[in-house]
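This is query_5.cif. It holds mmCIF, C-alpha atoms.
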```cif
data_run
loop_
_atom_site.label_atom_id
_atom_site.label_comp_id
_atom_site.auth_asym_id
_atom_site.auth_seq_id
_atom_site.Cartn_x
_atom_site.Cartn_y
_atom_site.Cartn_z
CA MET B 160 -35.77 -40.80 -22.57
CA LYS B 161 -34.06 -39.90 -25.79
CA THR B 162 -31.81 -37.00 -26.76
CA LEU B 163 -32.51 -36.32 -30.43
CA LYS B 164 -30.14 -33.59 -31.62
CA ILE B 165 -28.65 -30.17 -31.01
CA ASP B 166 -31.70 -27.95 -31.36
CA HIS B 167 -29.99 -24.55 -31.45
CA ILE B 168 -27.23 -22.34 -30.11
CA GLY B 169 -28.44 -19.38 -28.04
CA ILE B 170 -26.71 -16.01 -28.42
CA ALA B 171 -27.51 -13.10 -26.09
CA VAL B 172 -27.74 -9.77 -27.92
CA LYS B 173 -28.49 -6.20 -26.89
CA SER B 174 -30.02 -5.37 -30.27
CA ALA B 175 -31.17 -8.12 -32.61
CA GLU B 176 -31.52 -5.63 -35.44
CA GLU B 177 -27.86 -4.68 -35.03
CA ARG B 178 -26.70 -8.33 -34.93
CA LEU B 179 -28.90 -9.28 -37.88
CA LYS B 180 -26.62 -7.13 -40.00
CA LEU B 181 -24.13 -9.99 -39.59
CA TYR B 182 -26.40 -13.03 -39.82
CA ARG B 183 -28.98 -11.80 -42.34
CA ASP B 184 -27.35 -8.98 -44.30
CA LEU B 185 -23.73 -10.17 -44.53
CA LEU B 186 -24.04 -13.95 -44.28
CA GLY B 187 -27.40 -14.13 -46.08
CA LEU B 188 -28.98 -16.43 -43.48
CA ASP B 189 -32.73 -16.83 -43.17
CA VAL B 190 -34.35 -15.20 -40.14
CA TYR B 191 -37.42 -17.38 -40.31
CA TYR B 192 -39.11 -16.92 -36.95
CA THR B 193 -39.46 -14.22 -34.29
CA GLU B 194 -41.49 -14.51 -31.10
CA GLU B 195 -41.96 -12.47 -27.95
CA LEU B 196 -42.02 -14.30 -24.63
CA PRO B 197 -43.16 -11.49 -22.30
CA GLU B 198 -43.33 -13.74 -19.23
CA ARG B 199 -39.60 -14.36 -19.69
CA GLY B 200 -38.79 -10.79 -20.81
CA LEU B 201 -37.46 -11.99 -24.16
CA ARG B 202 -37.82 -11.60 -27.88
CA VAL B 203 -36.23 -14.48 -29.78
CA HIS B 204 -35.16 -14.54 -33.40
CA PHE B 205 -34.35 -17.87 -35.03
CA VAL B 206 -31.77 -17.87 -37.80
CA LYS B 207 -31.42 -20.97 -39.97
CA ILE B 208 -28.09 -22.18 -41.32
CA GLY B 209 -28.45 -25.52 -43.09
CA GLU B 210 -30.06 -27.89 -40.61
CA SER B 211 -28.80 -25.88 -37.65
CA ARG B 212 -30.19 -22.78 -35.95
CA PHE B 213 -29.02 -19.81 -33.95
CA GLU B 214 -31.41 -18.24 -31.46
CA LEU B 215 -30.79 -14.54 -30.87
CA LEU B 216 -32.06 -13.68 -27.38
CA GLU B 217 -32.99 -10.02 -26.98
CA GLU B 218 -34.29 -8.58 -23.72
CA ILE B 219 -37.55 -6.64 -23.83
CA SER B 220 -37.63 -5.80 -20.12
CA GLU B 221 -35.17 -5.40 -17.27
CA ASN B 222 -36.61 -8.48 -15.55
CA SER B 223 -35.53 -10.51 -18.57
CA GLU B 224 -33.82 -13.85 -18.07
CA ILE B 225 -30.76 -12.50 -19.86
CA HIS B 226 -30.56 -9.02 -18.29
CA SER B 227 -27.90 -9.90 -15.70
CA PHE B 228 -26.02 -12.02 -18.25
CA LEU B 229 -25.76 -9.04 -20.62
CA GLU B 230 -24.79 -6.71 -17.76
CA LYS B 231 -22.04 -9.02 -16.48
CA ARG B 232 -20.72 -10.62 -19.66
CA GLY B 233 -22.03 -8.61 -22.57
CA GLU B 234 -23.22 -10.11 -25.82
CA GLY B 235 -22.23 -13.57 -26.96
CA PHE B 236 -22.67 -17.29 -26.53
CA HIS B 237 -25.40 -17.98 -23.98
CA HIS B 238 -26.42 -21.65 -24.20
CA ILE B 239 -26.65 -24.80 -26.23
CA ALA B 240 -30.08 -26.42 -26.58
CA LEU B 241 -30.67 -30.14 -26.95
CA LYS B 242 -33.92 -31.58 -28.31
CA VAL B 243 -35.26 -34.32 -26.03
CA GLU B 244 -38.25 -36.55 -25.58
CA ASN B 245 -40.06 -36.54 -22.20
CA ILE B 246 -38.48 -33.47 -20.59
CA GLU B 247 -40.05 -34.23 -17.21
CA GLU B 248 -38.06 -37.46 -17.02
CA TYR B 249 -34.87 -35.52 -17.77
CA ILE B 250 -35.62 -33.12 -14.92
CA LYS B 251 -36.15 -36.03 -12.53
CA LYS B 252 -33.00 -37.86 -13.69
CA ALA B 253 -30.89 -34.68 -13.54
CA LYS B 254 -31.85 -34.20 -9.89
CA GLU B 255 -30.97 -37.82 -9.13
CA LEU B 256 -27.53 -37.26 -10.69
CA GLY B 257 -26.88 -34.01 -8.80
CA ILE B 258 -27.37 -31.86 -11.91
CA LYS B 259 -29.48 -28.85 -10.98
CA PRO B 260 -32.36 -27.78 -13.23
CA LEU B 261 -33.07 -24.04 -12.94
CA SER B 262 -36.76 -24.88 -12.45
CA ASP B 263 -38.69 -27.89 -11.22
CA GLN B 264 -41.12 -27.75 -14.13
CA PRO B 265 -40.56 -26.97 -17.81
CA GLN B 266 -41.27 -23.40 -18.95
CA LYS B 267 -42.96 -22.23 -22.13
CA GLY B 268 -40.41 -21.77 -24.89
CA ALA B 269 -40.59 -20.45 -28.44
CA HIS B 270 -42.40 -22.47 -31.14
CA GLY B 271 -44.73 -23.96 -28.50
CA THR B 272 -41.92 -25.90 -26.83
CA LYS B 273 -41.34 -26.87 -23.23
CA VAL B 274 -37.87 -25.94 -21.94
CA VAL B 275 -35.71 -26.26 -18.86
CA PHE B 276 -32.17 -25.01 -18.28
CA LEU B 277 -29.49 -26.90 -16.37
CA HIS B 278 -27.33 -24.85 -14.01
CA PRO B 279 -23.81 -24.33 -15.42
CA LYS B 280 -22.22 -24.94 -12.01
CA THR B 281 -23.44 -28.55 -12.29
CA THR B 282 -22.67 -29.08 -16.01
CA GLY B 283 -19.01 -28.10 -16.19
CA GLY B 284 -19.65 -24.42 -16.87
CA LEU B 285 -22.02 -24.79 -19.82
CA LEU B 286 -25.63 -23.55 -19.69
CA ILE B 287 -27.66 -26.33 -21.30
CA GLU B 288 -31.28 -25.96 -22.35
CA LEU B 289 -33.40 -29.06 -22.82
CA VAL B 290 -36.20 -28.58 -25.37
CA GLU B 291 -39.23 -30.75 -26.02
CA GLY B 292 -41.75 -30.41 -28.83
CA GLY B 293 -42.32 -27.48 -31.14
CA GLU B 294 -41.83 -27.00 -34.83
CA GLU B 295 -38.63 -27.49 -36.79
#
```
As structure tokens, please, write out the structure in this file.
Amino acid sequence: MKTLKIDHIGIAVKSAEERLKLYRDLLGLDVYYTEELPERGLRVHFVKIGESRFELLEEISENSEIHSFLEKRGEGFHHIALKVENIEEYIKKAKELGIKPLSDQPQKGAHGTKVVFLHPKTTGGLLIELVEGGEE
């Protein structure tokens, strides 16, 4: 098992087009990738800043993973994602340590990745996404 780097910072938004006025139009950042994940009710927009990335998470259906988050908390910081090798081993180890993955198996993420989230009640209040694979 190896944790490689911070992959991205996830930001929940009601309207990506509205928020891109900040990231793209004002700050001049590159929105280099957009993908719909209908099974998760999401459209994601990746914004590059140097070697780092923001992921704007926009719901495309009311059964979206972020629907209740937006309803309860509104727009803003959603999660931090860490790039890892062998995500299945991380899931197993997390369970052994009493850290609760939100699923027993990785889900399909953007860029052809495998992802799993760790429950914030078991991580000190921070929603952490583990990401394996995909393109840079």
Point to revise | Nearest residue to Glu288 (chain B) from the set B:Ile170, B:Ile239, B:Leu196, B:Ile246 (distances using all atoms listed in the file) | key: B:Ile239
Exercise for review: Specify as a PyMOL selection string each residue included when the PyMOL selection byres ((chain B and resi 168) around 9) is applied to this file.
Suggested key: chain B and resi 165-167+169-170+211-215+236-240
Each residue of region 173-271 of chain B with at least one atom at most 7 Å from region 276-285 of chain B should appear once, together with its nearest atom pair and the corresponding distance in Å (one decimal); atoms considered: only C-alpha atoms; ordering: chain, then increasing residue number; output as JSON lines.
```
{"residue": "B:His238", "atom": "CA", "partner": "B:Leu285", "partner_atom": "CA", "distance": 7.0}
{"residue": "B:Ile258", "atom": "CA", "partner": "B:Thr281", "partner_atom": "CA", "distance": 5.2}
{"residue": "B:Lys259", "atom": "CA", "partner": "B:His278", "partner_atom": "CA", "distance": 5.5}
{"residue": "B:Pro260", "atom": "CA", "partner": "B:Leu277", "partner_atom": "CA", "distance": 4.3}
{"residue": "B:Leu261", "atom": "CA", "partner": "B:Phe276", "partner_atom": "CA", "distance": 5.5}
```
Write the residues of the selection above to a file with C-alpha atoms, as a PDB file, in the coordinates of the input.
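Okay, this is what ended up in out-v8.pdb:
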```pdb
ATOM      1  CA  HIS B 238     -26.420 -21.650 -24.200  1.00  0.00           C
ATOM      2  CA  ILE B 258     -27.370 -31.860 -11.910  1.00  0.00           C
ATOM      3  CA  LYS B 259     -29.480 -28.850 -10.980  1.00  0.00           C
ATOM      4  CA  PRO B 260     -32.360 -27.780 -13.230  1.00  0.00           C
ATOM      5  CA  LEU B 261     -33.070 -24.040 -12.940  1.00  0.00           C
TER       6      LEU B 261
END
```
Check your understanding: Any chance you could work out the residue set of the PyMOL selection byres ((chain B and resi 200) around 6) here, as a list of chain:residue names?
Key -> B:Pro197, B:Glu198, B:Arg199, B:Leu201, B:Glu218, B:Ile219, B:Ser220, B:Ser223
Exercise for review: In the coordinate frame of the file, compute which residues have an atom within 6 Å of (-36.6, -13.4, -31.1) when using only C-alpha atoms, and state them as a VMD selection string.
Suggested key: chain B and resid 193 to 194 202 to 204 215 to 216
Study note, to complete from the structure: In Å and to one decimal, CA of Ser262 (chain B) is distant from CA of Ile250 (chain B) by 8.7 Å
Practice item. Quote the spacing between CA of Glu224 (chain B) and CA of Leu185 (chain B) in Å to one decimal place. Key: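 Calculated distance between CA of Glu224 (chain B) and CA of Leu185 (chain B) is 28.6 Å.
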Review point. To one decimal place, how far is CA of Leu163 (chain B) from CA of Leu241 (chain B) in Å?
Key: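 Value for the CA of Leu163 (chain B)-CA of Leu241 (chain B) distance: 7.3 Å.
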Point to revise | Test item: residues at most 6 Å from Val290 (chain B), only C-alpha atoms, excluding those fewer than 4 positions along its chain, as a list in words | key: Leu241, Lys242, Val243, Lys273 and Val274 of chain B
Review point. With distances taken over only C-alpha atoms, which of B:Leu186, B:Ala269, B:Met160, B:Val172 is nearest to Phe205 (chain B)?
Key: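 Residue with the minimum atom-to-atom distance to Phe205 (chain B): B:Ala269.
Among B:Thr162, B:Ile208, B:Asp263, B:Val275, the residue with the shortest atom-to-atom distance to Tyr182 (chain B), counting all atoms listed in the file, is B:Ile208.
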Practice item. Expand the PyMOL selection byres ((chain B and resi 293) around 9) into the individual residues it matches in the shown file, reporting them as a ChimeraX atom specification. Key: /B:268-273,290-292,294-295
Would you mind writing region 224-250 of chain B with N, CA and C atoms, as an mmCIF file, keeping the file's coordinate frame?
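The result, written out as part.cif:
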```cif
data_model
loop_
_atom_site.group_PDB
_atom_site.id
_atom_site.type_symbol
_atom_site.label_atom_id
_atom_site.label_comp_id
_atom_site.auth_asym_id
_atom_site.auth_seq_id
_atom_site.Cartn_x
_atom_site.Cartn_y
_atom_site.Cartn_z
ATOM 1 N N GLU B 224 -34.716 -12.762 -18.462
ATOM 2 C CA GLU B 224 -33.820 -13.850 -18.070
ATOM 3 C C GLU B 224 -32.370 -13.558 -18.430
ATOM 4 N N ILE B 225 -32.141 -12.743 -19.427
ATOM 5 C CA ILE B 225 -30.760 -12.500 -19.860
ATOM 6 C C ILE B 225 -30.221 -11.139 -19.420
ATOM 7 N N HIS B 226 -31.000 -10.367 -18.679
ATOM 8 C CA HIS B 226 -30.560 -9.020 -18.290
ATOM 9 C C HIS B 226 -29.234 -9.067 -17.526
ATOM 10 N N SER B 227 -29.147 -9.878 -16.485
ATOM 11 C CA SER B 227 -27.900 -9.900 -15.700
ATOM 12 C C SER B 227 -26.756 -10.504 -16.510
ATOM 13 N N PHE B 228 -27.052 -11.445 -17.381
ATOM 14 C CA PHE B 228 -26.020 -12.020 -18.250
ATOM 15 C C PHE B 228 -25.399 -10.923 -19.119
ATOM 16 N N LEU B 229 -26.255 -10.118 -19.766
ATOM 17 C CA LEU B 229 -25.760 -9.040 -20.620
ATOM 18 C C LEU B 229 -24.989 -7.991 -19.812
ATOM 19 N N GLU B 230 -25.468 -7.687 -18.604
ATOM 20 C CA GLU B 230 -24.790 -6.710 -17.760
ATOM 21 C C GLU B 230 -23.402 -7.193 -17.344
ATOM 22 N N LYS B 231 -23.303 -8.465 -16.971
ATOM 23 C CA LYS B 231 -22.040 -9.020 -16.480
ATOM 24 C C LYS B 231 -21.072 -9.402 -17.587
ATOM 25 N N ARG B 232 -21.594 -10.029 -18.633
ATOM 26 C CA ARG B 232 -20.720 -10.620 -19.660
ATOM 27 C C ARG B 232 -20.792 -9.961 -21.016
ATOM 28 N N GLY B 233 -21.848 -9.199 -21.246
ATOM 29 C CA GLY B 233 -22.030 -8.610 -22.570
ATOM 30 C C GLY B 233 -22.614 -9.626 -23.542
ATOM 31 N N GLU B 234 -22.638 -9.259 -24.793
ATOM 32 C CA GLU B 234 -23.220 -10.110 -25.820
ATOM 33 C C GLU B 234 -22.347 -11.333 -26.077
ATOM 34 N N GLY B 235 -22.990 -12.396 -26.556
ATOM 35 C CA GLY B 235 -22.230 -13.570 -26.960
ATOM 36 C C GLY B 235 -22.938 -14.866 -26.663
ATOM 37 N N PHE B 236 -22.142 -15.938 -26.742
ATOM 38 C CA PHE B 236 -22.670 -17.290 -26.530
ATOM 39 C C PHE B 236 -23.374 -17.360 -25.186
ATOM 40 N N HIS B 237 -24.600 -17.873 -25.194
ATOM 41 C CA HIS B 237 -25.400 -17.980 -23.980
ATOM 42 C C HIS B 237 -25.648 -19.439 -23.583
ATOM 43 N N HIS B 238 -26.113 -20.264 -24.527
ATOM 44 C CA HIS B 238 -26.420 -21.650 -24.200
ATOM 45 C C HIS B 238 -26.442 -22.530 -25.437
ATOM 46 N N ILE B 239 -26.413 -23.822 -25.174
ATOM 47 C CA ILE B 239 -26.650 -24.800 -26.230
ATOM 48 C C ILE B 239 -27.917 -25.550 -25.850
ATOM 49 N N ALA B 240 -28.787 -25.764 -26.828
ATOM 50 C CA ALA B 240 -30.080 -26.420 -26.580
ATOM 51 C C ALA B 240 -30.089 -27.791 -27.236
ATOM 52 N N LEU B 241 -30.567 -28.766 -26.471
ATOM 53 C CA LEU B 241 -30.670 -30.140 -26.950
ATOM 54 C C LEU B 241 -32.135 -30.551 -27.001
ATOM 55 N N LYS B 242 -32.534 -31.096 -28.128
ATOM 56 C CA LYS B 242 -33.920 -31.580 -28.310
ATOM 57 C C LYS B 242 -34.043 -32.944 -27.634
ATOM 58 N N VAL B 243 -35.061 -33.076 -26.772
ATOM 59 C CA VAL B 243 -35.260 -34.320 -26.030
ATOM 60 C C VAL B 243 -36.711 -34.770 -26.098
ATOM 61 N N GLU B 244 -36.913 -36.019 -25.769
ATOM 62 C CA GLU B 244 -38.250 -36.550 -25.580
ATOM 63 C C GLU B 244 -38.474 -36.720 -24.083
ATOM 64 N N ASN B 245 -39.654 -36.372 -23.592
ATOM 65 C CA ASN B 245 -40.060 -36.540 -22.200
ATOM 66 C C ASN B 245 -39.186 -35.704 -21.247
ATOM 67 N N ILE B 246 -39.302 -34.397 -21.363
ATOM 68 C CA ILE B 246 -38.480 -33.470 -20.590
ATOM 69 C C ILE B 246 -38.638 -33.643 -19.083
ATOM 70 N N GLU B 247 -39.835 -34.026 -18.638
ATOM 71 C CA GLU B 247 -40.050 -34.230 -17.210
ATOM 72 C C GLU B 247 -39.164 -35.342 -16.655
ATOM 73 N N GLU B 248 -38.950 -36.379 -17.445
ATOM 74 C CA GLU B 248 -38.060 -37.460 -17.020
ATOM 75 C C GLU B 248 -36.617 -36.974 -16.925
ATOM 76 N N TYR B 249 -36.222 -36.082 -17.826
ATOM 77 C CA TYR B 249 -34.870 -35.520 -17.770
ATOM 78 C C TYR B 249 -34.679 -34.681 -16.503
ATOM 79 N N ILE B 250 -35.703 -33.930 -16.134
ATOM 80 C CA ILE B 250 -35.620 -33.120 -14.920
ATOM 81 C C ILE B 250 -35.436 -34.034 -13.705
#
```
